Structures are given as structure tokens and as C-alpha cells.
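Below is the file model-v2.txt, which contains compact mmCIF, C-alpha atoms.
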# COMPACT_ATOMS: atom_id res chain seq x y z
CA MET A 1394 -22.20 33.02 0.93
CA ASN A 1395 -22.81 29.61 2.42
CA PRO A 1396 -21.80 26.92 -0.10
CA ASP A 1397 -23.06 23.40 -0.02
CA ALA A 1398 -21.82 21.81 3.18
CA SER A 1399 -21.02 18.43 1.65
CA THR A 1400 -18.91 20.08 -1.07
CA VAL A 1401 -16.81 21.88 1.53
CA ASP A 1402 -16.50 18.61 3.43
CA THR A 1403 -15.23 16.79 0.33
CA VAL A 1404 -12.71 19.52 -0.43
CA ILE A 1405 -11.34 19.52 3.13
CA ASP A 1406 -11.13 15.73 3.07
CA ALA A 1407 -9.25 15.79 -0.23
CA VAL A 1408 -6.77 18.44 0.96
CA SER A 1409 -6.04 16.58 4.19
CA SER A 1410 -5.65 13.30 2.28
CA VAL A 1411 -3.06 14.91 0.04
CA PHE A 1412 -1.29 16.30 3.12
CA MET A 1413 -1.23 12.88 4.77
CA ILE A 1414 0.11 11.08 1.70
CA VAL A 1415 2.78 13.72 1.03
CA GLY A 1416 3.78 13.63 4.70
CA ALA A 1417 4.14 9.86 4.58
CA VAL A 1418 6.19 10.09 1.37
CA MET A 1419 8.55 12.49 3.23
CA SER A 1420 9.33 9.62 5.63
CA LEU A 1421 9.94 7.29 2.72
CA GLY A 1422 12.27 9.86 1.17
CA ALA A 1423 14.22 10.07 4.41
CA ALA A 1424 14.58 6.28 4.52
CA ILE A 1425 15.76 6.13 0.89
CA GLY A 1426 18.23 8.92 1.60
CA LEU A 1427 19.52 7.07 4.66
CA LEU A 1428 20.12 3.97 2.57
CA ARG A 1429 21.65 5.57 -0.50
CA PHE A 1430 23.70 8.60 0.62
CA PRO A 1431 27.41 7.96 1.15
CA ASP A 1432 28.28 9.65 4.47
CA LEU A 1433 26.85 11.02 7.70
CA MET A 1434 26.48 14.64 6.59
CA SER A 1435 24.39 13.86 3.51
CA ARG A 1436 22.32 11.35 5.49
CA MET A 1437 21.58 14.10 8.02
CA HIS A 1438 20.31 16.23 5.15
CA SER A 1439 17.70 13.66 4.17
CA ALA A 1440 16.77 12.83 7.78
CA THR A 1441 15.34 16.31 8.38
CA LYS A 1442 12.52 15.92 5.86
CA PRO A 1443 9.99 14.03 8.01
CA GLN A 1444 11.05 15.86 11.15
CA VAL A 1445 9.99 19.33 9.98
CA LEU A 1446 7.99 19.41 6.76
CA GLY A 1447 6.48 15.95 7.17
CA LEU A 1448 5.32 16.68 10.72
CA PHE A 1449 3.90 20.04 9.58
CA LEU A 1450 1.86 18.41 6.82
CA LEU A 1451 0.53 15.68 9.10
CA LEU A 1452 -0.41 18.09 11.90
CA ALA A 1453 -2.17 20.28 9.33
CA ALA A 1454 -4.09 17.18 8.22
CA VAL A 1455 -5.09 16.53 11.85
CA GLY A 1456 -6.31 20.12 12.21
CA LEU A 1457 -8.29 19.92 8.96
CA GLN A 1458 -9.90 16.61 9.90
CA LEU A 1459 -10.98 17.73 13.38
CA ARG A 1460 -12.69 20.83 11.88
CA THR A 1461 -12.39 22.97 14.99
CA TRP A 1462 -10.38 26.13 15.55
CA TRP A 1463 -9.09 25.55 19.06
CA VAL A 1464 -6.82 22.63 18.06
CA TRP A 1465 -4.65 24.77 15.77
CA PRO A 1466 -2.70 26.51 18.63
CA VAL A 1467 -2.06 23.12 20.27
CA LEU A 1468 -0.76 21.66 17.01
CA ALA A 1469 1.34 24.78 16.44
CA VAL A 1470 2.93 24.34 19.87
CA ALA A 1471 3.80 20.71 19.07
CA TRP A 1472 5.35 21.73 15.74
CA ILE A 1473 7.30 24.69 17.15
CA PHE A 1474 8.70 22.43 19.87
CA GLN A 1475 9.97 20.06 17.18
CA LEU A 1476 11.33 23.05 15.26
CA LEU A 1477 13.31 24.16 18.32
CA THR A 1478 14.79 20.78 19.25
CA VAL A 1479 15.71 19.41 15.80
CA PRO A 1480 18.45 21.99 14.99
CA VAL A 1481 20.08 21.49 18.40
CA SER A 1482 20.35 17.73 18.07
CA ALA A 1483 21.44 18.03 14.41
CA HIS A 1484 24.17 20.46 15.49
CA MET A 1485 25.40 18.07 18.16
CA VAL A 1486 25.38 15.07 15.84
CA GLY A 1487 27.08 16.98 13.02
CA ARG A 1488 29.75 18.35 15.34
CA ALA A 1489 30.46 14.91 16.79
CA GLY A 1490 30.54 13.46 13.27
CA TYR A 1491 33.08 16.09 12.20
CA ARG A 1492 35.27 15.59 15.25
CA THR A 1493 35.29 11.81 14.82
CA LYS A 1494 35.94 12.18 11.07
CA HIS A 1495 32.80 10.44 9.82
CA LEU A 1496 32.75 12.41 6.60
CA HIS A 1497 34.19 12.46 3.11
CA LYS A 1498 36.22 15.67 2.86
CA GLU A 1499 36.22 15.60 -0.92
CA LEU A 1500 32.42 15.94 -0.96
CA LEU A 1501 32.44 19.21 0.98
CA SER A 1502 32.34 22.44 -0.99
CA THR A 1503 33.41 24.62 1.96
CA ASP A 1504 34.74 23.63 5.35
CA GLU A 1505 34.36 26.54 7.75
CA LEU A 1506 34.95 24.43 10.85
CA GLU A 1507 38.46 23.27 9.88
CA ALA A 1508 40.20 26.54 10.85
CA VAL A 1509 38.40 26.58 14.21
CA VAL A 1510 39.37 22.99 14.95
CA LEU A 1511 43.03 23.57 13.99
CA LYS A 1512 43.17 26.69 16.18
CA ALA A 1513 41.63 24.79 19.09
CA ALA A 1514 44.18 21.98 18.67
CA GLU A 1515 47.03 24.54 18.68
CA ALA A 1516 45.67 26.12 21.85
CA ALA A 1517 45.41 22.71 23.50
CA LYS A 1518 48.98 21.90 22.52
CA ASP A 1519 50.21 25.21 23.99
CA ALA A 1520 48.28 24.68 27.19
CA GLU A 1521 49.70 21.18 27.69
CA PRO A 1522 53.33 20.97 26.59
CA ASP A 1523 53.50 17.29 27.55
CA GLY A 1524 51.36 16.60 24.48
CA GLY A 1525 48.36 15.25 26.31
CA ALA A 1526 45.58 14.35 23.91
CA SER A 1527 42.87 15.78 26.13
CA ASP A 1528 40.09 17.42 24.21
CA THR A 1529 38.07 19.94 26.18
CA ILE A 1530 37.76 22.69 23.59
CA ASP A 1531 34.47 22.18 21.82
CA ARG A 1532 32.32 22.20 24.91
CA MET B 968 -11.61 7.72 0.83
CA MET B 969 -10.10 7.67 4.31
CA GLU B 970 -9.62 3.89 4.15
CA LEU B 971 -7.62 4.26 0.92
CA VAL B 972 -5.47 7.01 2.45
CA LEU B 973 -4.90 4.88 5.54
CA THR B 974 -3.79 1.89 3.43
CA VAL B 975 -1.45 3.95 1.25
CA THR B 976 0.17 5.72 4.18
CA ALA B 977 0.50 2.46 6.13
CA VAL B 978 2.37 0.84 3.23
CA VAL B 979 4.60 3.88 2.70
CA LEU B 980 5.43 4.25 6.39
CA SER B 981 6.17 0.52 6.71
CA LEU B 982 8.64 0.72 3.83
CA ALA B 983 10.23 3.81 5.38
CA ALA B 984 10.54 2.10 8.78
CA ALA B 985 12.11 -0.95 7.12
CA GLY B 986 14.68 1.31 5.44
CA ALA B 987 15.52 3.05 8.71
CA ILE B 988 15.87 -0.31 10.49
CA VAL B 989 18.21 -1.57 7.75
CA ARG B 990 20.35 1.52 8.29
CA ILE B 991 20.35 0.94 12.05
CA ALA B 992 21.54 -2.63 11.50
CA ARG B 993 24.13 -1.85 8.81
CA GLY B 994 25.24 1.68 9.76
CA PRO B 995 29.01 1.77 9.82
CA SER B 996 29.26 4.18 12.75
CA LEU B 997 27.35 4.87 15.94
CA LEU B 998 26.23 8.29 14.68
CA ASP B 999 24.63 6.73 11.60
CA ARG B 1000 22.63 4.50 13.88
CA VAL B 1001 21.58 7.44 16.08
CA LEU B 1002 20.43 9.33 13.01
CA ALA B 1003 18.47 6.34 11.72
CA ALA B 1004 16.86 5.88 15.14
CA ASP B 1005 15.84 9.54 15.02
CA VAL B 1006 14.23 8.96 11.64
CA LEU B 1007 12.46 5.89 13.02
CA LEU B 1008 11.02 8.04 15.82
CA ALA B 1009 9.88 10.60 13.23
CA ILE B 1010 8.15 7.80 11.30
CA LEU B 1011 6.45 6.70 14.53
CA GLY B 1012 5.27 10.27 15.08
CA ALA B 1013 3.95 10.34 11.52
CA ALA B 1014 1.98 7.15 12.16
CA LEU B 1015 0.55 8.61 15.38
CA SER B 1016 -0.60 11.80 13.62
CA ILE B 1017 -2.13 9.86 10.73
CA ASP B 1018 -4.07 7.81 13.28
CA MET B 1019 -5.29 11.05 14.88
CA ALA B 1020 -6.30 12.51 11.52
CA VAL B 1021 -8.12 9.45 10.20
CA ASN B 1022 -9.97 8.63 13.43
CA ARG B 1023 -10.51 12.30 14.38
CA HIS B 1024 -9.24 12.35 17.94
CA LEU B 1025 -6.39 14.06 19.81
CA ASN B 1026 -5.37 11.31 22.21
CA ASN B 1027 -1.89 10.89 20.73
CA LEU B 1028 -0.80 14.51 20.85
CA MET B 1029 1.02 14.32 24.18
CA LEU B 1030 2.63 11.05 23.05
CA LEU B 1031 3.84 12.84 19.91
CA VAL B 1032 5.50 15.57 21.98
CA ALA B 1033 7.00 12.94 24.31
CA VAL B 1034 8.42 11.05 21.31
CA SER B 1035 10.11 14.19 20.02
CA ILE B 1036 11.56 14.89 23.49
CA ILE B 1037 12.97 11.35 23.60
CA GLY B 1038 14.54 11.75 20.17
CA PHE B 1039 16.11 15.06 21.15
CA ILE B 1040 17.55 13.86 24.47
CA GLY B 1041 18.76 10.59 22.95
CA SER B 1042 20.66 12.06 20.03
CA VAL B 1043 22.21 14.87 22.10
CA THR B 1044 23.36 12.40 24.76
CA VAL B 1045 24.88 9.98 22.27
CA ALA B 1046 26.58 12.82 20.37
CA ARG B 1047 28.30 13.97 23.57
CA PHE B 1048 29.28 10.38 24.34
CA VAL B 1049 30.82 9.88 20.90
CA ALA B 1050 32.76 13.15 21.02
CA ASP B 1051 34.60 11.93 24.12
CA ARG B 1052 36.22 8.94 22.36
CA ARG B 1053 38.41 10.53 19.73
CA GLY B 1054 41.12 7.87 19.92
CA GLN B 1055 39.05 5.26 18.11
CA THR B 1056 38.34 7.08 14.87
CA ASN B 1057 37.15 5.03 11.96
CA GLU B 1058 36.28 6.16 8.45
CA SER B 1059 32.73 5.47 7.42

Take the structure from the file and write it as C-alpha cells.
Amino acid sequence: MNPDASTVDTVIDAVSSVFMIVGAVMSLGAAIGLLRFPDLMSRMHSATKPQVLGLFLLLAAVGLQLRTWWVWPVLAVAWIFQLLTVPVSAHMVGRAGYRTKHLHKELLSTDELEAVVLKAAEAAKDAEPDGGASDTIDR
Amino acid sequence: MMELVLTVTAVVLSLAAAGAIVRIARGPSLLDRVLAADVLLAILGAALSIDMAVNRHLNNLMLLVAVSIIGFIGSVTVARFVADRRGQTNES
């Protein structure tokens, strides 16, 4: 039942090395996507790779290298925190990018936000007949 | 084997950081720069965790969480700031 300790050690080392290299390549993929994609929305798509999957792989490599059980909950807390904050900031950036028209409309397959934005603009126009350009809808 | 992994990941992460910095410098809009700065912070976090894994310590874990908090607060703040200036729209 107890295999050779050095063999297990080598296997764990190899697995964590693969995790580390793949996690680093995720960052490289994000940088290449940032440089090559045409607009903000597609750049946001590539930017999420190191933030979620890359961090997961690297934290798993840390847990494998330390070879103790009590670090796994701590690493899971760090990863879940990242998992909670990344969608919020991506939502804010994407919304601001849409409102300031940093996108190529012809690249979108569906645009579910357009109807909401038009309706909000109509409501703002009704509320202020003097045509003030104030924008307090998307708060 | 760990030395080889450390060298490979150092080269890869340096290239990735260079790409993100190029996008920060060139990025046509403010939001592109915010996104690239977020990616640069993620690359920094990756370097911190690789250091922890190779040298087998946990000293950087709180720094990793702090870096992700800074990225979150920074991009949310700048996104709100950009949304307030709709008059100066420019196509990217």
C-alpha cells in the first residue's frame, strides 16, 4: 500500500511543474491577446485567463509543493476571493466600455444591452424636457 | 528540475509582462490601459505564487490577496470615473 517515497515525490514534482508552466503560459496568452485583439471586449476575454485558471493552477502547484493538507483551505480562500472580485470588475469595465462606445458593433453577434440603453435614454429625455445630457441611469 | 521550471516560467512571465506594458503604453483608450494593468497585476501574482511553490514557503500569500484587492478596487474606480465623461467619446 505504501509505494516508494521517492517515486511519489517525483510524480508530485512533475505534476506541479506542469501546473506552473501551464499557469505561466496562461499569462503569456493574455498578453498576446491584449496585443492582437481589435477592441476592448475581445481583450477582456483574453485578460481573464491568468486571473482565474492561471491562478488556480499556480495555487495548486503551491499546495502540491508544500505537501501539507492544512494549506489547501487557505489557498482555496485566496482563489475564491479572486473568483468573486473578477466578475464584478469585468462587469464594471465592460459596462463603461459599452457606454463610452469602445467597441466594434459589427463584431457583436447579439447586443442585449442596446434596448436597455435606448429605453434609459428615452426615460432621461422624458424626465428632463430641456434636453439635459445628464446620465444617471446606469447606477 | 525546479531550476528549469523557474527559468522557463521567468522567461514566459517576463514576455507576458512586456506585452502588457506595451498595451498600457499604446492602448487607445483609458479602459484598455486599465485592463492591461489588471493583467500586469495578475502576472505579478503568478510570479509571487511561483516563488512560493519553488521555494516552498507561504510568505507571499497575504501579498497575493492584497494584490487582487488592489486590482479590483482600481478597475472598479476607474470604470466609474470613465462612465461619468460621456461627452468625450472616441472610437478605439

Task: Residues within 10 Å of segment 979-992 of chain B, all atoms listed in the file, excluding chain neighbours under 5 positions, as a ChimeraX atom specification - done: /A:1414,1416-1429,1440 /B:973-974,997-1011,1013-1014

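Separating atom CA of Leu1476 of chain A from atom CA of Gln1444 of chain A is a distance of 8.3 Å.
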
Open item on the list: With all atoms listed in the file as the counted atoms, please give the residues lying no more than 6 Å from segment 1020-1033 of chain B, apart from itself and same-chain residues fewer than 4 positions off, as a ChimeraX atom specification.
Closed with: /A:1455,1458-1459 /B:1012

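Nearest residue to Ala1469 of chain A among A:Leu1500, A:Ala1520, A:Leu1451, A:Val1486 is A:Leu1451, counting all atoms listed in the file.
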
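Using all atoms listed in the file for every distance, the candidate list A:Ala1517, A:Leu1501, A:Ala1471, A:Ala1508 yields A:Leu1501 as the residue closest to Asp1432 of chain A.
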
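In terms of minimum interatomic distance to Phe1449 of chain A, B:Ile1017 ranks closest within B:Met968, B:Val975, B:Ile1017, B:Ile1037, counting all atoms listed in the file.
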
Could you give me the axis-aligned bounding box of segment 1491-1501 of chain A, with 8 Å of padding per side, as centre plus edge lengths in Å to one decimal, as AutoDock Vina command-line options?
--center_x 34.3 --center_y 14.8 --center_z 7.1 --size_x 19.8 --size_y 24.8 --size_z 32.2

Open item on the list: Under the rule that only C-alpha atoms are counted, which of A:Lys1518, A:Leu1511, A:Ser1502, A:Met1434 is the nearest residue to chain B?
Closed with: A:Met1434

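One distance worth recording is that between atom CA of Leu1448 of chain A and atom CA of Trp1472 of chain A, which is 7.1 Å.
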
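Atom pair atom CA of Ala977 of chain B / atom CA of Ile1405 of chain A has a distance of 21.0 Å (rounded to one decimal).
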
Task: Distance query segment 1478-1484 of chain A at most 10 Å, only C-alpha atoms, self and fewer than 2 positions along chain excluded, as a count of residues only - done: 29

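Comparing A:Asp1504, A:Leu1477, A:Ala1454, A:Trp1465 by their smallest distance to chain B, the closest is A:Ala1454 (using all atoms listed in the file).
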